[in-house]
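Shown next: start35.pdb, given as PDB, C-alpha atoms and all ligand atoms.
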```pdb
ATOM      1  CA  MET F 509       8.463 -18.778   3.050
ATOM      2  CA  LYS F 510       6.257 -15.747   3.828
ATOM      3  CA  ARG F 511       3.554 -14.925   1.324
ATOM      4  CA  ILE F 512       2.416 -11.401   0.484
ATOM      5  CA  ALA F 513      -0.699 -10.319  -1.422
ATOM      6  CA  ILE F 514      -0.406  -6.822  -2.872
ATOM      7  CA  PHE F 515      -3.584  -4.778  -3.441
ATOM      8  CA  VAL F 516      -3.465  -2.033  -6.083
ATOM      9  CA  SER F 517      -5.748   0.438  -7.865
ATOM     10  CA  GLY F 518      -3.491   2.528 -10.093
ATOM     11  CA  ASN F 519      -0.032   2.903 -11.557
ATOM     12  CA  GLY F 520       1.668   0.192  -9.512
ATOM     13  CA  THR F 521       5.114   1.732  -8.977
ATOM     14  CA  ASN F 522       5.134   0.459  -5.393
ATOM     15  CA  LEU F 523       4.046  -2.994  -6.543
ATOM     16  CA  GLN F 524       6.935  -3.053  -9.014
ATOM     17  CA  ARG F 525       9.504  -1.912  -6.475
ATOM     18  CA  ILE F 526       8.352  -4.419  -3.844
ATOM     19  CA  ALA F 527       8.340  -7.284  -6.364
ATOM     20  CA  GLU F 528      11.835  -6.398  -7.597
ATOM     21  CA  TYR F 529      13.148  -6.056  -4.039
ATOM     22  CA  PHE F 530      11.995  -9.599  -3.176
ATOM     23  CA  SER F 531      12.645 -11.144  -6.589
ATOM     24  CA  ASN F 532      15.682 -13.145  -5.446
ATOM     25  CA  SER F 533      14.403 -13.793  -1.942
ATOM     26  CA  HIS F 534      14.121 -17.309  -0.544
ATOM     27  CA  ASP F 535      12.012 -16.006   2.347
ATOM     28  CA  VAL F 536       9.312 -13.897   0.684
ATOM     29  CA  ALA F 537       6.992 -14.661  -2.247
ATOM     30  CA  ILE F 538       4.246 -12.590  -3.892
ATOM     31  CA  PRO F 539       1.685 -15.118  -5.155
ATOM     32  CA  LEU F 540      -1.106 -12.617  -5.801
ATOM     33  CA  VAL F 541      -1.957  -9.097  -6.879
ATOM     34  CA  VAL F 542      -5.519  -7.933  -6.192
ATOM     35  CA  CYS F 543      -6.844  -5.028  -8.241
ATOM     36  CA  ASN F 544     -10.185  -3.189  -8.223
ATOM     37  CA  ASN F 545      -9.595  -1.195 -11.399
ATOM     38  CA  PRO F 546      -9.532  -2.967 -14.777
ATOM     39  CA  LYS F 547      -7.725   0.019 -16.312
ATOM     40  CA  ALA F 548      -4.909   0.138 -13.743
ATOM     41  CA  TYR F 549      -1.416   0.049 -15.236
ATOM     42  CA  ALA F 550      -0.494  -2.047 -12.194
ATOM     43  CA  ILE F 551      -2.136  -5.015 -13.979
ATOM     44  CA  GLU F 552       0.325  -4.730 -16.855
ATOM     45  CA  ARG F 553       3.195  -4.496 -14.379
ATOM     46  CA  ALA F 554       1.982  -7.610 -12.548
ATOM     47  CA  HIS F 555       1.813  -9.529 -15.829
ATOM     48  CA  GLN F 556       5.365  -8.470 -16.666
ATOM     49  CA  LEU F 557       6.474  -9.526 -13.196
ATOM     50  CA  GLY F 558       4.745 -12.896 -13.635
ATOM     51  CA  ILE F 559       2.373 -12.404 -10.700
ATOM     52  CA  PRO F 560      -1.250 -13.597 -11.056
ATOM     53  CA  VAL F 561      -3.852 -10.814 -10.841
ATOM     54  CA  ARG F 562      -7.312 -11.121  -9.361
ATOM     55  CA  LEU F 563      -9.626  -8.357 -10.517
ATOM     56  CA  ILE F 564     -12.347  -7.671  -7.976
ATOM     57  CA  THR F 565     -15.628  -5.789  -7.703
ATOM     58  CA  LYS F 566     -17.120  -4.106  -4.616
ATOM     59  CA  LYS F 567     -19.325  -7.161  -4.176
ATOM     60  CA  ASP F 568     -16.336  -9.547  -4.316
ATOM     61  CA  ILE F 569     -14.375  -7.724  -1.640
ATOM     62  CA  ASN F 570     -17.343  -7.682   0.725
ATOM     63  CA  ASP F 571     -18.159 -11.367   0.255
ATOM     64  CA  THR F 572     -16.877 -14.143   2.467
ATOM     65  CA  PRO F 573     -15.424 -16.267  -0.394
ATOM     66  CA  PHE F 574     -12.849 -13.582  -1.197
ATOM     67  CA  THR F 575     -11.581 -13.560   2.381
ATOM     68  CA  GLN F 576     -11.673 -17.366   2.442
ATOM     69  CA  ASP F 577      -9.629 -17.547  -0.760
ATOM     70  CA  LEU F 578      -6.947 -15.353   0.798
ATOM     71  CA  THR F 579      -6.811 -17.366   4.018
ATOM     72  CA  GLY F 580      -6.772 -20.533   1.875
ATOM     73  CA  MET F 581      -3.707 -19.173   0.049
ATOM     74  CA  HIS F 582      -1.913 -18.823   3.414
ATOM     75  CA  ILE F 583      -1.219 -15.152   2.926
ATOM     76  CA  ASP F 584       0.970 -13.804   5.763
ATOM     77  CA  LEU F 585       0.666 -10.122   4.906
ATOM     78  CA  ILE F 586      -1.672  -8.005   2.791
ATOM     79  CA  VAL F 587       0.045  -4.899   1.474
ATOM     80  CA  LEU F 588      -2.101  -2.015   0.234
ATOM     81  CA  ALA F 589       0.062  -0.255  -2.339
ATOM     82  CA  GLY F 590      -2.145   2.519  -3.670
ATOM     83  CA  PHE F 591      -5.371   0.556  -3.081
ATOM     84  CA  LEU F 592      -8.221   3.004  -2.662
ATOM     85  CA  TRP F 593     -11.155   1.043  -1.222
ATOM     86  CA  LEU F 594     -11.940   0.669   2.436
ATOM     87  CA  LEU F 595     -11.574  -2.975   3.491
ATOM     88  CA  PRO F 596     -14.570  -4.828   4.957
ATOM     89  CA  LYS F 597     -14.650  -5.975   8.557
ATOM     90  CA  CYS F 598     -14.531  -9.690   7.635
ATOM     91  CA  LEU F 599     -11.230  -9.245   5.805
ATOM     92  CA  ILE F 600      -9.686  -7.147   8.578
ATOM     93  CA  GLN F 601     -10.760  -9.635  11.224
ATOM     94  CA  ALA F 602      -9.369 -12.559   9.215
ATOM     95  CA  PHE F 603      -5.935 -10.865   9.030
ATOM     96  CA  PRO F 604      -5.317  -9.236  12.419
ATOM     97  CA  ASP F 605      -2.182  -7.059  12.295
ATOM     98  CA  LYS F 606      -1.492  -8.547   8.887
ATOM     99  CA  ILE F 607      -2.661  -5.706   6.651
ATOM    100  CA  ILE F 608      -0.541  -2.616   6.059
ATOM    101  CA  ASN F 609      -0.971   0.492   3.931
ATOM    102  CA  ILE F 610       1.275   3.247   2.636
ATOM    103  CA  HIS F 611      -0.028   6.805   2.707
ATOM    104  CA  PRO F 612       1.718   9.711   0.936
ATOM    105  CA  ALA F 613       1.640  12.178   3.865
ATOM    106  CA  LEU F 614       2.517  12.435   7.531
ATOM    107  CA  LEU F 615      -0.607  11.008   9.193
ATOM    108  CA  PRO F 616      -2.732  11.957  11.068
ATOM    109  CA  LYS F 617      -2.552  15.055   8.860
ATOM    110  CA  TYR F 618      -3.906  14.810   5.311
ATOM    111  CA  GLY F 619      -5.560  11.424   5.821
ATOM    112  CA  GLY F 620      -9.107  10.138   5.573
ATOM    113  CA  LYS F 621     -11.645   9.880   2.786
ATOM    114  CA  GLY F 622     -10.681  11.822  -0.352
ATOM    115  CA  PHE F 623      -7.022  12.147   0.612
ATOM    116  CA  TYR F 624      -5.225   9.949  -1.887
ATOM    117  CA  GLY F 625      -2.544  10.380  -4.514
ATOM    118  CA  ALA F 626      -2.266  13.881  -6.017
ATOM    119  CA  HIS F 627      -5.097  15.265  -3.831
ATOM    120  CA  VAL F 628      -2.831  14.869  -0.821
ATOM    121  CA  HIS F 629       0.075  16.755  -2.398
ATOM    122  CA  GLU F 630      -2.213  19.555  -3.616
ATOM    123  CA  ALA F 631      -3.551  20.057  -0.079
ATOM    124  CA  VAL F 632      -0.088  19.957   1.516
ATOM    125  CA  VAL F 633       1.320  22.540  -0.933
ATOM    126  CA  ALA F 634      -1.767  24.785  -0.627
ATOM    127  CA  ALA F 635      -1.368  24.806   3.162
ATOM    128  CA  LYS F 636       2.335  25.755   2.780
ATOM    129  CA  GLU F 637       3.387  22.938   5.094
ATOM    130  CA  PRO F 638       7.118  22.949   5.825
ATOM    131  CA  PHE F 639       7.252  19.124   5.650
ATOM    132  CA  SER F 640       5.455  16.172   4.159
ATOM    133  CA  GLY F 641       6.393  12.507   3.986
ATOM    134  CA  ILE F 642       5.126   8.951   4.019
ATOM    135  CA  THR F 643       3.346   6.873   6.613
ATOM    136  CA  ILE F 644       3.212   3.088   6.692
ATOM    137  CA  HIS F 645       0.519   1.861   9.051
ATOM    138  CA  TYR F 646      -1.665  -1.073  10.009
ATOM    139  CA  VAL F 647      -5.130  -1.048   8.476
ATOM    140  CA  ASN F 648      -8.386  -0.953  10.388
ATOM    141  CA  GLU F 649     -11.965  -0.211   9.378
ATOM    142  CA  LYS F 650     -11.451   3.544   8.989
ATOM    143  CA  TYR F 651      -9.324   5.305   6.392
ATOM    144  CA  ASP F 652      -5.717   5.988   7.424
ATOM    145  CA  SER F 653      -6.211   5.561  11.160
ATOM    146  CA  GLY F 654      -4.493   2.287  12.137
ATOM    147  CA  ALA F 655      -1.343   2.149  14.268
ATOM    148  CA  ILE F 656       1.656   3.801  12.645
ATOM    149  CA  ILE F 657       4.631   1.555  11.877
ATOM    150  CA  PHE F 658       6.964   4.016  10.171
ATOM    151  CA  GLN F 659       7.177   7.597   8.926
ATOM    152  CA  ALA F 660       9.789   9.403   6.837
ATOM    153  CA  LYS F 661       9.834  13.148   6.358
ATOM    154  CA  VAL F 662      10.875  15.483   3.552
ATOM    155  CA  ALA F 663      11.081  19.288   3.492
ATOM    156  CA  LEU F 664       9.072  21.359   1.023
ATOM    157  CA  ASP F 665      10.937  24.002  -0.965
ATOM    158  CA  GLU F 666       9.626  27.546  -1.262
ATOM    159  CA  ASN F 667       8.532  26.976  -4.857
ATOM    160  CA  GLU F 668       7.291  23.409  -4.302
ATOM    161  CA  THR F 669       4.469  22.242  -6.588
ATOM    162  CA  PRO F 670       2.188  19.232  -6.126
ATOM    163  CA  ASP F 671       4.121  17.531  -8.941
ATOM    164  CA  SER F 672       7.559  18.166  -7.493
ATOM    165  CA  LEU F 673       6.333  17.020  -4.068
ATOM    166  CA  ALA F 674       4.886  13.874  -5.662
ATOM    167  CA  GLY F 675       8.384  13.098  -6.979
ATOM    168  CA  LYS F 676       9.920  13.466  -3.502
ATOM    169  CA  ILE F 677       7.248  11.263  -1.962
ATOM    170  CA  HIS F 678       7.683   8.685  -4.705
ATOM    171  CA  ARG F 679      11.405   8.452  -3.919
ATOM    172  CA  LEU F 680      10.693   7.994  -0.192
ATOM    173  CA  GLU F 681       8.179   5.246  -0.967
ATOM    174  CA  GLN F 682      10.614   3.430  -3.253
ATOM    175  CA  GLN F 683      13.361   3.669  -0.641
ATOM    176  CA  HIS F 684      11.458   2.574   2.442
ATOM    177  CA  PHE F 685       8.353   0.511   1.671
ATOM    178  CA  PRO F 686       9.993  -2.851   0.810
ATOM    179  CA  VAL F 687      12.387  -2.559   3.760
ATOM    180  CA  ILE F 688       9.541  -1.917   6.197
ATOM    181  CA  ILE F 689       7.545  -4.808   4.723
ATOM    182  CA  GLU F 690      10.540  -7.066   5.352
ATOM    183  CA  GLN F 691      10.797  -5.838   8.950
ATOM    184  CA  VAL F 692       7.073  -6.402   9.574
ATOM    185  CA  LEU F 693       7.375  -9.962   8.214
ATOM    186  CA  ASN F 694      10.421 -10.647  10.376
ATOM    187  CA  ARG F 695       8.525  -9.526  13.477
ATOM    188  CA  GLN F 696       5.669 -11.957  12.810
ATOM    189  CA  ASN F 697       5.589 -15.288  14.599
ATOM    190  CA  PRO F 698       6.939 -18.108  12.445
TER     191      PRO F 698
HETATM  192  C1  LIG L   1       1.224   6.051  -3.624
HETATM  193  O1  LIG L   1       1.792   7.327  -3.569
HETATM  194  C2  LIG L   1       0.537   5.745  -2.306
HETATM  195  O2  LIG L   1       1.174   6.314  -1.202
HETATM  196  C3  LIG L   1      -0.812   6.362  -2.539
HETATM  197  O3  LIG L   1      -1.132   6.057  -3.868
HETATM  198  C4  LIG L   1       0.076   6.023  -4.634
HETATM  199  C5  LIG L   1       0.068   4.766  -5.457
HETATM  200  O4  LIG L   1       1.103   4.788  -6.401
HETATM  201  N1  LIG L   1      -1.783   5.845  -1.619
HETATM  202  C6  LIG L   1      -2.782   6.583  -1.134
HETATM  203  O5  LIG L   1      -2.973   7.747  -1.461
HETATM  204  C7  LIG L   1      -3.677   5.860  -0.133
HETATM  205  N2  LIG L   1      -4.512   6.776   0.554
HETATM  206  P1  LIG L   1       1.492   3.482  -7.204
HETATM  207  O6  LIG L   1       0.206   2.877  -7.755
HETATM  208  O7  LIG L   1       2.376   3.965  -8.293
HETATM  209  O8  LIG L   1       2.195   2.535  -6.266
END
```
Exercise: express the given structure as structure tokens:
Amino acid sequence: MKRIAIFVSGNGTNLQRIAEYFSNSHDVAIPLVVCNNPKAYAIERAHQLGIPVRLITKKDINDTPFTQDLTGMHIDLIVLAGFLWLLPKCLIQAFPDKIINIHPALLPKYGGKGFYGAHVHEAVVAAKEPFSGITIHYVNEKYDSGAIIFQAKVALDENETPDSLAGKIHRLEQQHFPVIIEQVLNRQNP
């Protein structure tokens, strides 16, 4: 059984989709949701899904006991699903090639500090880009710069708005993220 920890900061639609995708799986379990925002709706979703939530502060995430707790739980993959803090070196080193993130644009464009959620879509629409999409990538110590695992593209319409683009990106995330997580887990050594 592979064990995933899902890190969230906001609404939690990806968390919900991933949990539902694996809900009848005999191979994948989600024993933990980690959240840095006490007001995140993702917490409510986790409760409804029956997944324990650990609420963390900046100090917690940077301290060794947090990393030790995760290694002690035998987590095989950390999935950042709308988690907006940079991860500390100790956590990244403890989970080499075992942390992935989803970003709502075609990296390396529209990535880095400040590019998250709606800010990304606003910038893409303002620049009149012909395409946007999603990127799923490994996580390192800089924002949005780890090796890319998967990208999916979508065309912008002439009258595209940040909101309408957000809807397209949301659908791509719902379609692909759990499938790519499954593939990453299957590629790991037993
Ligand atoms: C998702 O669109 C995800 O790609 C984005 O935050 C949203 C979270 O939605 N992540 C980033 O912008 C990371 N830089 P959710 O909480 O409903 O899953």
Env. residues ligand LIG 1 (chain L) / 8 Å / only C-alpha atoms and all ligand atoms / as a ChimeraX atom specification: /F:516-524,550,589-592,609-613,619-620,623-626,628,642,651-652,674,677-678,681
d(atom CA of Asp605 of chain F, atom CA of Phe658 of chain F) in Å: 14.5 Å
Return as a CSV table (one decimal) with C-alpha atoms, in the frame of the given file the set of residues that the PyMOL selection byres (((chain F and resi 559) around 7) and not hetatm) yields on the displayed structure.
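Listed below is the output, result-v8.csv:
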```csv
chain,number,residue,atom,x,y,z
F,539,PRO,CA,1.7,-15.1,-5.2
F,540,LEU,CA,-1.1,-12.6,-5.8
F,541,VAL,CA,-2.0,-9.1,-6.9
F,554,ALA,CA,2.0,-7.6,-12.5
F,555,HIS,CA,1.8,-9.5,-15.8
F,557,LEU,CA,6.5,-9.5,-13.2
F,558,GLY,CA,4.7,-12.9,-13.6
F,560,PRO,CA,-1.2,-13.6,-11.1
F,561,VAL,CA,-3.9,-10.8,-10.8
```
Selection dump of the PyMOL selection byres (((chain F and resi 689) around 12) and not hetatm), as number ranges by chain: F: 510-514, 522-523, 525-527, 529-530, 536, 584-589, 606-610, 644-646, 657-658, 681-688, 690-696
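One finds atom CA of Pro604 of chain F at 12.6 Å from atom CA of Thr575 of chain F.
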Shortest interatomic distance to Ile600 of chain F - which of F:Val647, F:Ile564, F:Leu615, F:Ala635, counting all atoms listed in the file: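 Using all atoms listed in the file, Ile600 of chain F sits closest to F:Val647.
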Separation of atom CA of Ile583 of chain F from atom CA of Arg562 of chain F, in Å and rounded to one decimal: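 Rounded to one decimal, the two atoms are 14.3 Å apart.
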Selected residue, from F:Pro546, F:Pro616, F:Pro573, F:Pro596, that lies nearest to Gly654 of chain F when counting all atoms listed in the file: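 Of F:Pro546, F:Pro616, F:Pro573, F:Pro596, the one nearest Gly654 of chain F is F:Pro616, counting all atoms listed in the file.
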Option closest in space to Asn545 of chain F, from F:Glu630, F:Asn570, F:Phe515, F:Asn532 [counting all atoms listed in the file]: F:Phe515
